[in-house]
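S.K.: Below is the file input_31.cif, which contains mmCIF, C-alpha atoms.
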data_input
loop_
_atom_site.label_atom_id
_atom_site.label_comp_id
_atom_site.auth_asym_id
_atom_site.auth_seq_id
_atom_site.Cartn_x
_atom_site.Cartn_y
_atom_site.Cartn_z
CA MET P 1 69.72 -37.90 12.48
CA THR P 2 70.99 -38.46 8.95
CA TYR P 3 69.08 -39.73 5.93
CA ARG P 4 71.59 -41.39 3.58
CA SER P 5 69.37 -43.20 1.08
CA PHE P 6 70.63 -40.82 -1.63
CA ARG P 7 69.11 -42.79 -4.52
CA SER P 8 65.71 -42.40 -2.89
CA LEU P 9 66.40 -38.75 -2.12
CA GLU P 10 67.38 -38.01 -5.73
CA ASP P 11 64.31 -39.83 -7.01
CA LEU P 12 62.07 -37.93 -4.59
CA GLU P 13 63.55 -34.64 -5.74
CA ARG P 14 62.93 -35.45 -9.41
CA THR P 15 59.44 -36.82 -8.87
CA GLY P 16 57.80 -33.75 -7.36
CA SER P 17 54.91 -33.90 -4.90
CA THR P 18 52.43 -36.74 -4.44
CA ALA P 19 49.79 -37.42 -1.81
CA ARG P 20 52.55 -38.76 0.46
CA ILE P 21 55.37 -36.42 -0.53
CA LEU P 22 55.53 -32.62 -0.35
CA ASN P 23 58.63 -31.73 -2.37
CA LEU P 24 59.49 -28.21 -1.25
CA LEU P 25 63.01 -28.54 -2.69
CA LYS P 26 61.52 -28.85 -6.19
CA VAL P 27 59.15 -25.95 -5.47
CA TYR P 28 62.18 -23.89 -4.41
CA ARG P 29 64.15 -24.78 -7.55
CA GLU P 30 61.25 -23.84 -9.83
CA ASN P 31 59.87 -20.79 -7.97
CA GLY P 32 62.62 -19.52 -5.66
CA THR P 33 63.06 -16.26 -7.58
CA GLU P 34 59.32 -15.56 -7.95
CA GLN P 35 57.89 -12.68 -5.91
CA GLU P 36 54.92 -14.71 -4.61
CA TRP P 37 57.22 -17.47 -3.31
CA ILE P 38 59.36 -14.87 -1.54
CA GLU P 39 56.46 -12.92 -0.02
CA LYS P 40 54.15 -15.83 0.90
CA PRO P 41 56.35 -18.76 2.01
CA LEU P 42 54.88 -21.94 3.41
CA PHE P 43 57.61 -21.90 6.09
CA ALA P 44 59.51 -18.86 7.39
CA ASN P 45 62.53 -21.08 8.10
CA ARG P 46 64.62 -21.31 4.91
CA GLU P 47 65.73 -24.90 5.51
CA LEU P 48 62.18 -26.10 6.11
CA ASN P 49 61.00 -24.22 3.04
CA SER P 50 63.30 -26.26 0.80
CA SER P 51 62.87 -29.62 2.55
CA ILE P 52 61.15 -32.83 1.46
CA ILE P 53 58.25 -33.83 3.71
CA ILE P 54 57.06 -37.43 3.62
CA LYS P 55 54.09 -39.32 5.06
CA HIS P 56 56.09 -42.28 6.31
CA ARG P 57 55.00 -45.75 7.45
CA LEU P 58 56.96 -46.33 10.66
CA ARG P 59 59.45 -49.20 10.74
CA GLN P 60 59.67 -51.49 13.76
CA ASN P 61 62.71 -49.67 15.17
CA GLU P 62 61.07 -46.24 14.88
CA HIS P 63 58.04 -46.65 17.14
CA ASP P 64 59.96 -45.76 20.30
CA ARG P 65 60.51 -42.20 19.00
CA PHE P 66 56.95 -41.32 19.99
CA PHE P 67 55.12 -41.21 23.29
CA ALA P 68 51.94 -42.76 21.86
CA PRO P 69 51.62 -45.68 19.42
CA ARG P 70 51.09 -44.72 15.78
CA LYS P 71 51.44 -46.42 12.40
CA ASN P 72 52.47 -43.42 10.31
CA ALA P 73 54.48 -40.27 10.90
CA THR P 74 55.42 -37.09 9.06
CA LYS P 75 59.13 -37.11 8.21
CA ILE P 76 61.02 -33.90 7.40
CA VAL P 77 64.14 -34.50 5.28
CA ILE P 78 66.50 -31.52 4.91
CA PRO P 79 69.25 -32.10 2.32
CA ILE P 80 72.78 -31.49 3.62
CA GLU P 81 73.76 -30.05 0.24
CA LYS P 82 70.93 -28.97 -2.10
CA SER P 83 73.15 -29.18 -5.18
CA ASP P 84 74.30 -32.73 -4.42
CA LEU P 85 71.69 -35.01 -2.85
CA LYS P 86 74.22 -37.86 -2.68
CA THR P 87 75.48 -36.24 0.53
CA GLY P 88 72.17 -37.27 2.14
CA GLY P 89 70.16 -35.21 4.56
CA ARG P 90 69.10 -34.65 8.14
CA TYR P 91 65.67 -35.83 9.15
CA ILE P 92 63.24 -35.58 12.02
CA PHE P 93 59.71 -36.82 12.65
CA VAL P 94 57.06 -34.21 13.43
CA ASN P 95 55.90 -34.49 17.06
CA GLN P 96 58.49 -37.09 17.99
CA ILE P 97 59.84 -37.04 21.55
CA ASN P 98 61.64 -33.71 22.17
CA PHE P 99 60.48 -32.44 18.77
CA GLU P 100 60.33 -28.75 19.72
CA ASP P 101 63.75 -28.87 21.42
CA VAL P 102 65.34 -30.47 18.35
CA MET P 103 63.69 -27.99 15.99
CA GLN P 104 64.97 -25.07 18.03
CA GLU P 105 68.48 -26.43 18.58
CA HIS P 106 69.22 -27.79 15.09
CA PHE P 107 67.03 -25.69 12.80
CA GLY P 108 66.50 -22.47 14.76
CA VAL P 109 62.69 -22.81 14.82
CA SER P 110 61.36 -21.22 18.01
CA ARG P 111 58.53 -22.75 20.04
CA ASP P 112 56.13 -19.94 19.14
CA SER P 113 56.87 -20.09 15.40
CA GLN P 114 54.00 -20.49 12.94
CA ASP P 115 56.20 -23.09 11.23
CA LEU P 116 55.43 -25.53 14.06
CA VAL P 117 51.70 -24.84 13.61
CA VAL P 118 52.00 -25.70 9.89
CA LEU P 119 53.90 -28.90 10.67
CA ASP P 120 51.31 -29.91 13.26
CA ILE P 121 48.53 -29.38 10.70
CA MET P 122 50.42 -31.57 8.21
CA ASP P 123 50.94 -34.25 10.84
CA LYS P 124 47.23 -34.38 11.64
CA LEU P 125 46.21 -34.77 7.99
CA PRO P 126 46.03 -38.32 6.62
CA SER P 127 47.88 -37.29 3.45
CA LEU P 128 49.70 -34.33 1.92
CA ASP P 129 47.25 -34.05 -0.93
CA PRO P 130 47.50 -30.40 -2.08
CA PHE P 131 43.74 -29.71 -2.16
CA LEU P 132 43.19 -30.85 1.42
CA LEU P 133 46.41 -29.30 2.73
CA LYS P 134 45.50 -25.93 1.25
CA GLU P 135 41.99 -26.11 2.71
CA ARG P 136 43.17 -27.07 6.20
CA LEU P 137 45.80 -24.32 6.27
CA SER P 138 43.24 -21.72 5.16
CA ARG P 139 41.06 -22.62 8.15
CA SER P 140 43.95 -21.42 10.33
CA ASN P 141 44.30 -18.26 8.23
CA ILE P 142 47.55 -19.54 6.71
CA VAL P 143 47.60 -18.74 2.99
CA PRO P 144 50.94 -19.57 1.30
CA ALA P 145 51.71 -18.98 -2.39
CA ASN P 146 49.81 -21.17 -4.85
CA CYS P 147 53.04 -22.70 -6.17
CA TYR P 148 53.19 -24.92 -3.06
CA PHE P 149 50.01 -26.74 -4.05
CA ALA P 150 50.24 -27.08 -7.85
CA LEU P 151 46.46 -27.03 -8.25
CA SER P 152 45.44 -26.16 -11.79
CA ASP P 153 42.43 -23.96 -12.52
CA SER P 154 40.94 -26.80 -14.57
CA ASP P 155 41.17 -29.21 -11.62
CA LEU P 156 39.50 -26.70 -9.29
CA LEU P 157 36.69 -26.10 -11.81
CA ALA P 158 36.23 -29.83 -12.35
CA MET P 159 36.07 -30.37 -8.58
CA GLN P 160 33.51 -27.57 -8.21
CA ASP P 161 31.34 -29.03 -11.00
CA PHE P 162 31.51 -32.43 -9.28
CA VAL P 163 30.43 -30.91 -5.94
CA LYS P 164 27.52 -29.11 -7.60
CA LEU P 165 26.30 -32.35 -9.11
CA GLU P 166 26.72 -34.21 -5.82
CA ILE P 167 24.85 -31.68 -3.66
CA THR P 168 22.00 -31.03 -6.10
CA PRO P 169 19.63 -33.52 -4.35
CA LEU P 170 20.31 -31.83 -0.98
CA VAL P 171 19.68 -28.33 -2.35
CA LYS P 172 16.44 -29.44 -4.03
CA LEU P 173 15.32 -31.01 -0.77
CA SER P 174 15.60 -27.71 1.10
CA MET P 175 14.56 -25.26 -1.63
CA GLU P 176 11.47 -23.14 -1.30
CA ASP P 177 11.84 -21.28 -4.61
CA PRO P 178 12.21 -23.67 -7.58
CA ASN P 179 13.33 -20.79 -9.82
CA ALA P 180 16.38 -20.25 -7.62
CA GLU P 181 17.71 -23.78 -8.12
CA THR P 182 20.85 -23.04 -10.16
CA ARG P 183 21.74 -20.02 -8.04
CA SER P 184 21.24 -21.99 -4.81
CA ILE P 185 23.39 -24.89 -6.02
CA ASP P 186 26.20 -22.52 -7.08
CA ARG P 187 26.07 -20.69 -3.74
CA MET P 188 26.01 -23.83 -1.60
CA ALA P 189 28.80 -25.48 -3.61
CA ALA P 190 30.93 -22.36 -3.12
CA MET P 191 30.23 -22.42 0.64
CA ILE P 192 31.18 -26.08 0.95
CA LEU P 193 34.37 -25.57 -1.04
CA SER P 194 35.35 -22.53 1.04
CA ASN P 195 34.03 -23.91 4.33
CA ALA P 196 32.59 -20.42 4.91
CA PRO P 197 29.53 -19.87 7.11
CA GLY P 198 26.31 -19.03 5.30
CA ALA P 199 22.54 -19.35 5.37
CA ASN P 200 22.38 -22.76 3.69
CA ASN P 201 25.15 -24.20 5.83
CA ASP P 202 23.67 -22.74 9.04
CA THR P 203 20.22 -24.09 8.21
CA LEU P 204 21.58 -27.54 7.47
CA GLY P 205 23.56 -27.55 10.72
CA LYS P 206 20.45 -26.65 12.73
CA THR P 207 18.36 -29.24 10.88
CA LEU P 208 20.89 -31.92 11.82
CA ARG P 209 21.11 -30.57 15.40
CA LEU P 210 24.88 -30.15 15.31
CA ASN P 211 26.67 -27.36 17.13
CA PRO P 212 28.79 -25.02 14.92
CA SER P 213 32.06 -26.76 15.79
CA GLN P 214 30.71 -30.25 15.04
CA PHE P 215 29.16 -29.04 11.82
CA GLN P 216 32.27 -27.21 10.61
CA GLU P 217 34.52 -30.20 11.28
CA GLY P 218 32.00 -32.58 9.71
CA VAL P 219 31.62 -30.41 6.60
CA PHE P 220 35.40 -30.22 6.14
CA SER P 221 35.56 -34.01 6.25
CA TRP P 222 32.52 -34.26 3.96
CA LYS P 223 34.40 -32.03 1.52
CA GLY P 224 37.33 -34.41 1.83
CA PHE P 225 35.06 -37.32 0.97
CA LEU P 226 33.75 -35.44 -2.07
CA TYR P 227 37.30 -34.65 -3.18
CA TYR P 228 38.46 -38.23 -2.71
CA LYS P 229 35.40 -39.58 -4.51
CA TRP P 230 36.14 -37.22 -7.41
CA SER P 231 39.85 -38.10 -7.55
CA LEU P 232 39.16 -41.85 -7.26
CA GLY P 233 37.64 -41.82 -10.75
CA ALA P 234 40.93 -40.69 -12.31
CA LEU P 235 42.95 -43.09 -10.16
CA LEU P 236 40.90 -46.11 -11.19
CA LYS P 237 41.58 -45.29 -14.84
CA ASP P 238 45.33 -45.47 -14.15
CA ILE P 239 45.58 -48.23 -11.59
CA SER P 240 45.49 -51.17 -14.03
CA SER P 241 48.24 -49.73 -16.24
CA VAL P 242 50.31 -48.87 -13.15
CA ALA P 243 50.04 -52.44 -11.87
CA ASP P 244 51.16 -53.62 -15.32
CA ARG P 245 54.14 -51.25 -15.23
CA ILE P 246 55.21 -52.55 -11.82
CA THR P 247 54.91 -56.12 -13.12
CA ASN P 248 56.72 -55.59 -16.41
CA VAL P 249 59.51 -53.06 -15.70
CA LYS P 250 62.85 -54.72 -16.47
CA PRO P 251 65.91 -53.66 -14.46
CA ILE P 252 69.26 -53.31 -16.21
CA GLY P 253 72.50 -54.98 -15.21
CA ALA P 254 73.28 -58.19 -13.38
CA MET P 255 70.81 -59.57 -10.86
CA ASP P 256 71.43 -62.41 -8.41
CA SER P 257 68.86 -65.10 -7.65
CA ALA P 258 67.89 -63.60 -4.28
CA SER P 259 67.08 -60.24 -5.91
CA ARG P 260 65.17 -61.95 -8.71
CA ASP P 261 63.15 -63.96 -6.19
CA TYR P 262 62.35 -60.89 -4.08
CA ILE P 263 61.24 -58.80 -7.08
CA SER P 264 58.99 -61.62 -8.32
CA LYS P 265 57.29 -62.06 -4.93
CA SER P 266 57.00 -58.33 -4.36
CA ARG P 267 55.29 -57.80 -7.71
CA LYS P 268 52.66 -60.43 -6.88
CA PHE P 269 52.14 -58.93 -3.43
CA LEU P 270 51.74 -55.41 -4.81
CA ARG P 271 49.27 -56.38 -7.52
CA ARG P 272 47.11 -58.14 -4.91
CA GLU P 273 47.38 -55.39 -2.30
CA ILE P 274 46.73 -52.54 -4.75
CA GLY P 275 43.47 -54.27 -5.68
CA ARG P 276 42.58 -54.71 -2.01
CA ALA P 277 43.34 -51.05 -1.27
CA CYS P 278 41.01 -49.94 -4.08
CA VAL P 279 38.22 -52.11 -2.66
CA GLU P 280 38.77 -50.61 0.82
CA VAL P 281 38.54 -47.07 -0.60
CA ARG P 282 35.26 -47.89 -2.36
CA ASN P 283 33.85 -49.43 0.83
CA THR P 284 34.72 -46.34 2.90
CA ILE P 285 33.18 -43.99 0.32
CA LYS P 286 30.08 -46.24 0.35
CA ILE P 287 29.53 -45.28 4.02
CA TYR P 288 29.10 -41.66 2.94
CA GLU P 289 26.93 -42.55 -0.06
CA THR P 290 24.57 -44.63 2.08
CA ALA P 291 24.16 -41.86 4.67
CA TYR P 292 23.65 -39.19 2.01
CA SER P 293 21.08 -41.31 0.19
CA ALA P 294 19.17 -41.82 3.45
CA LEU P 295 18.96 -38.03 3.85
CA THR P 296 18.12 -37.05 0.27
CA ASN P 297 16.05 -40.06 -0.86
CA ASP P 298 14.48 -41.30 2.38
CA GLY P 299 14.24 -38.03 4.31
CA ASN P 300 16.20 -39.50 7.21
CA PRO P 301 18.56 -36.81 8.57
CA LEU P 302 19.82 -38.99 11.45
CA ALA P 303 22.00 -41.17 9.19
CA PHE P 304 23.72 -38.13 7.68
CA LYS P 305 24.08 -36.49 11.10
CA ASN P 306 25.83 -39.63 12.35
CA PHE P 307 28.02 -39.61 9.25
CA LEU P 308 29.11 -36.00 9.90
CA LEU P 309 29.93 -36.86 13.51
CA GLU P 310 31.99 -39.86 12.40
CA ALA P 311 33.35 -38.14 9.29
CA PRO P 312 36.64 -36.82 10.80
CA ALA P 313 37.75 -40.34 11.79
CA LEU P 314 36.48 -41.83 8.51
CA PHE P 315 38.19 -39.02 6.60
CA ASP P 316 41.53 -39.92 8.21
CA GLN P 317 40.98 -43.57 7.29
CA LEU P 318 40.00 -42.73 3.72
CA GLY P 319 42.85 -40.25 3.34
CA GLU P 320 45.40 -42.85 4.37
CA GLN P 321 43.87 -45.45 2.05
CA ILE P 322 43.64 -43.29 -1.05
CA GLY P 323 46.91 -41.45 -0.29
CA VAL P 324 48.77 -44.74 -0.67
CA ILE P 325 47.15 -45.38 -4.06
CA GLN P 326 47.80 -41.81 -5.24
CA HIS P 327 51.45 -42.09 -4.22
CA ILE P 328 51.97 -45.40 -6.05
CA VAL P 329 50.21 -44.14 -9.18
CA SER P 330 52.12 -40.82 -9.27
CA PHE P 331 55.53 -42.33 -8.51
CA SER P 332 55.08 -45.28 -10.90
CA LYS P 333 54.01 -43.06 -13.80
CA HIS P 334 57.14 -40.96 -13.23
CA ARG P 335 59.66 -43.76 -12.63
CA PHE P 336 58.32 -46.55 -14.86
CA GLY P 337 56.90 -44.46 -17.69
CA PRO P 338 58.04 -44.71 -21.34
CA LYS P 339 60.37 -41.70 -20.99
CA SER P 340 61.85 -42.77 -17.65
CA ALA P 341 65.54 -43.46 -17.15
CA SER P 342 66.63 -47.09 -16.90
CA ILE P 343 66.58 -48.64 -13.45
CA THR P 344 68.89 -51.11 -11.70
CA ALA P 345 67.67 -54.11 -9.72
CA GLU P 346 68.76 -52.44 -6.48
CA GLU P 347 66.83 -49.27 -7.28
CA LEU P 348 63.77 -51.29 -8.28
CA MET P 349 63.88 -53.22 -5.00
CA ASP P 350 64.05 -49.93 -3.04
CA ILE P 351 60.91 -48.66 -4.81
CA LEU P 352 59.02 -51.94 -4.43
CA MET P 353 59.90 -52.04 -0.74
CA ASP P 354 58.57 -48.47 -0.31
CA PHE P 355 55.31 -49.46 -2.01
CA GLU P 356 55.05 -52.58 0.15
CA MET P 357 55.50 -50.63 3.37
CA SER P 358 52.84 -48.17 2.27
CA LEU P 359 50.34 -50.92 1.53
CA ARG P 360 51.21 -53.40 4.26
CA ARG P 361 48.57 -54.13 6.86
CA GLN P 362 49.35 -55.06 10.46
CA ASP P 363 48.17 -58.62 9.82
CA VAL P 364 50.30 -59.15 6.70
CA ASP P 365 53.77 -60.40 7.51
CA ASP P 366 55.00 -61.95 4.27
CA LEU P 367 54.79 -61.75 0.50
CA ASP P 368 53.27 -65.18 -0.12
#
What do you get writing this file as structure tokens?

M.R.:
Amino acid sequence: MTYRSFRSLEDLERTGSTARILNLLKVYRENGTEQEWIEKPLFANRELNSSIIIKHRLRQNEHDRFFAPRKNATKIVIPIEKSDLKTGGRYIFVNQINFEDVMQEHFGVSRDSQDLVVLDIMDKLPSLDPFLLKERLSRSNIVPANCYFALSDSDLLAMQDFVKLEITPLVKLSMEDPNAETRSIDRMAAMILSNAPGANNDTLGKTLRLNPSQFQEGVFSWKGFLYYKWSLGALLKDISSVADRITNVKPIGAMDSASRDYISKSRKFLRREIGRACVEVRNTIKIYETAYSALTNDGNPLAFKNFLLEAPALFDQLGEQIGVIQHIVSFSKHRFGPKSASITAEELMDILMDFEMSLRRQDVDDLD
């Protein structure tokens, strides 16, 4: 299967990674001679390790590629010629019908390869956000080079400080020694961030009457909620200016009336749907906040236990919601920023259509 939208492919390659795009071709260009990249690859297969992986909203004609119904899929795009993306690329959806056969026949990836395990992990995640991808891989003892995730030390420290602040009420609730408060908060925050077993985690799991598997899965999703809640703050600061950029960017060159009409309608649709998506993210995070408040303020562990049991499904929902917003913010800042190259009407329509498909709900069929 060939991917020939070369304008999109070139733009993806220049943009880098977002919550919906893992740009391994760019990682390869920037780190391919580094020892860590060579010794700790994300994929053993060389073609996979320089591919572009996309969380893709399935089109109507793509649903029959899967045994079970699904809205989104993980698309692997492998450029035909890395030095000239205009030649297009081959693509395949992870876990499509005959996926393992195609991977073995066309890319030489055997059925017992760890590469298929990594792809399956990616497919099960709601987004390709680097923090969550790194955490999920580490749970399977897969630890690639840090260059694949582009997580700065300052971001990790800021996230850890946010977690400490968030879990302080829970630590205080269970503390016996008031003098150990700071030490206990630091230790529990580290355990949550690493998902490692420990006394505080084990005690909390027993208090909530969850078996180790339920508790571990719930805590991973809780960590996802904390990460998304932390990252939402930065997104909300950018979202208004991004909506303005989408509305005001002016394409160069001639534009016919049909293109002008589509761009106008699409801009209105996107401004409305971006706002709706932000409201949905806040409402999903509110489910966690309500359950956590019931535990820490009202002493009601049942609400938080129920949240942890429901957290994996809610985490997928939240990841999809916020992943769309992260993708639009990241891509818009790159493509519509003050230092961006000029854009034609055709290119602008391609980008707007991608944003629409990302945001579109099943019950929305038009731009009016």

S.K.: Got a sec: who's within 8 Å of region 354-357 of chain P, counting only C-alpha atoms, leaving out chain neighbours fewer than 3 positions off, as a PDB file with C-alpha atoms, in the coordinates of the input?

M.R.:
ATOM      1  CA  ARG P  57      55.000 -45.750   7.450  1.00  0.00           C
ATOM      2  CA  SER P 266      57.000 -58.330  -4.360  1.00  0.00           C
ATOM      3  CA  PHE P 269      52.140 -58.930  -3.430  1.00  0.00           C
ATOM      4  CA  LEU P 270      51.740 -55.410  -4.810  1.00  0.00           C
ATOM      5  CA  ILE P 328      51.970 -45.400  -6.050  1.00  0.00           C
ATOM      6  CA  ASP P 350      64.050 -49.930  -3.040  1.00  0.00           C
ATOM      7  CA  ILE P 351      60.910 -48.660  -4.810  1.00  0.00           C
ATOM      8  CA  ARG P 360      51.210 -53.400   4.260  1.00  0.00           C
TER       9      ARG P 360
END

S.K.: Using all atoms listed in the file, which residue out of P:Ala345, P:Ile322, P:Leu308, P:Leu119 lies closest to Ala258 (chain P)?

M.R.: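 Once distances to Ala258 (chain P) are computed over all atoms listed in the file, the minimum belongs to P:Ala345.
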
S.K.: Go through P:Glu273, P:Glu320, P:Glu346, P:Glu105 one by one, measure the shortest atom-to-atom distance of each to Leu359 (chain P) using all atoms listed in the file, and give the residue with the smallest value.

M.R.: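 Nearest candidate to Leu359 (chain P) out of P:Glu273, P:Glu320, P:Glu346, P:Glu105: P:Glu273.
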
S.K.: So that I can see what lies close to Gln114 (chain P), please list as a PyMOL selection string the residues with an atom at most 12 Å from it, counting all atoms listed in the file and leaving out residues fewer than 5 positions away in the same chain.

M.R.: chain P and resi 41-45+109+119-121+137+140-143

S.K.: Just checking: using only C-alpha atoms, which residue out of P:Ala158, P:Cys278, P:Cys147, P:Leu210 ends up closest to Ile325 (chain P)?

M.R.: P:Cys278

S.K.: Which residue out of P:Asn211, P:Ser332, P:Gln96, P:Asn31 has the minimum interatomic distance to Arg245 (chain P) when only C-alpha atoms are used?

M.R.: P:Ser332

S.K.: Kindly give the distance, in Å, that separates CA of Glu166 (chain P) and CA of Val219 (chain P), rounded to a single decimal.

M.R.: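 These two atoms are separated by 13.9 Å.
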
S.K.: Quick one: pull the distance between CA of Val249 (chain P) and CA of Ile343 (chain P), Å, one decimal.

M.R.: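 Separating CA of Val249 (chain P) from CA of Ile343 (chain P) is a distance of 8.6 Å.
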
S.K.: With all atoms listed in the file as the atoms that count, which of P:Ala254, P:Ile274, P:Gly224, P:Ile92 lies nearest to Glu62 (chain P)?

M.R.: P:Ile92

S.K.: List every protein, DNA or RNA residue that has at least one atom no more than 12 Å from (20.8, -38.5, 8.4) in the file's coordinates, counting all atoms listed in the file, and write the result as a ChimeraX atom specification.

M.R.: /P:170,204-205,207-210,287-310

S.K.: Might you spell out which residues the PyMOL selection byres ((chain P and resi 239) around 12) would select in the displayed file, as a ChimeraX atom specification?

M.R.: /P:232-238,240-246,270-271,273-278,322,324-333
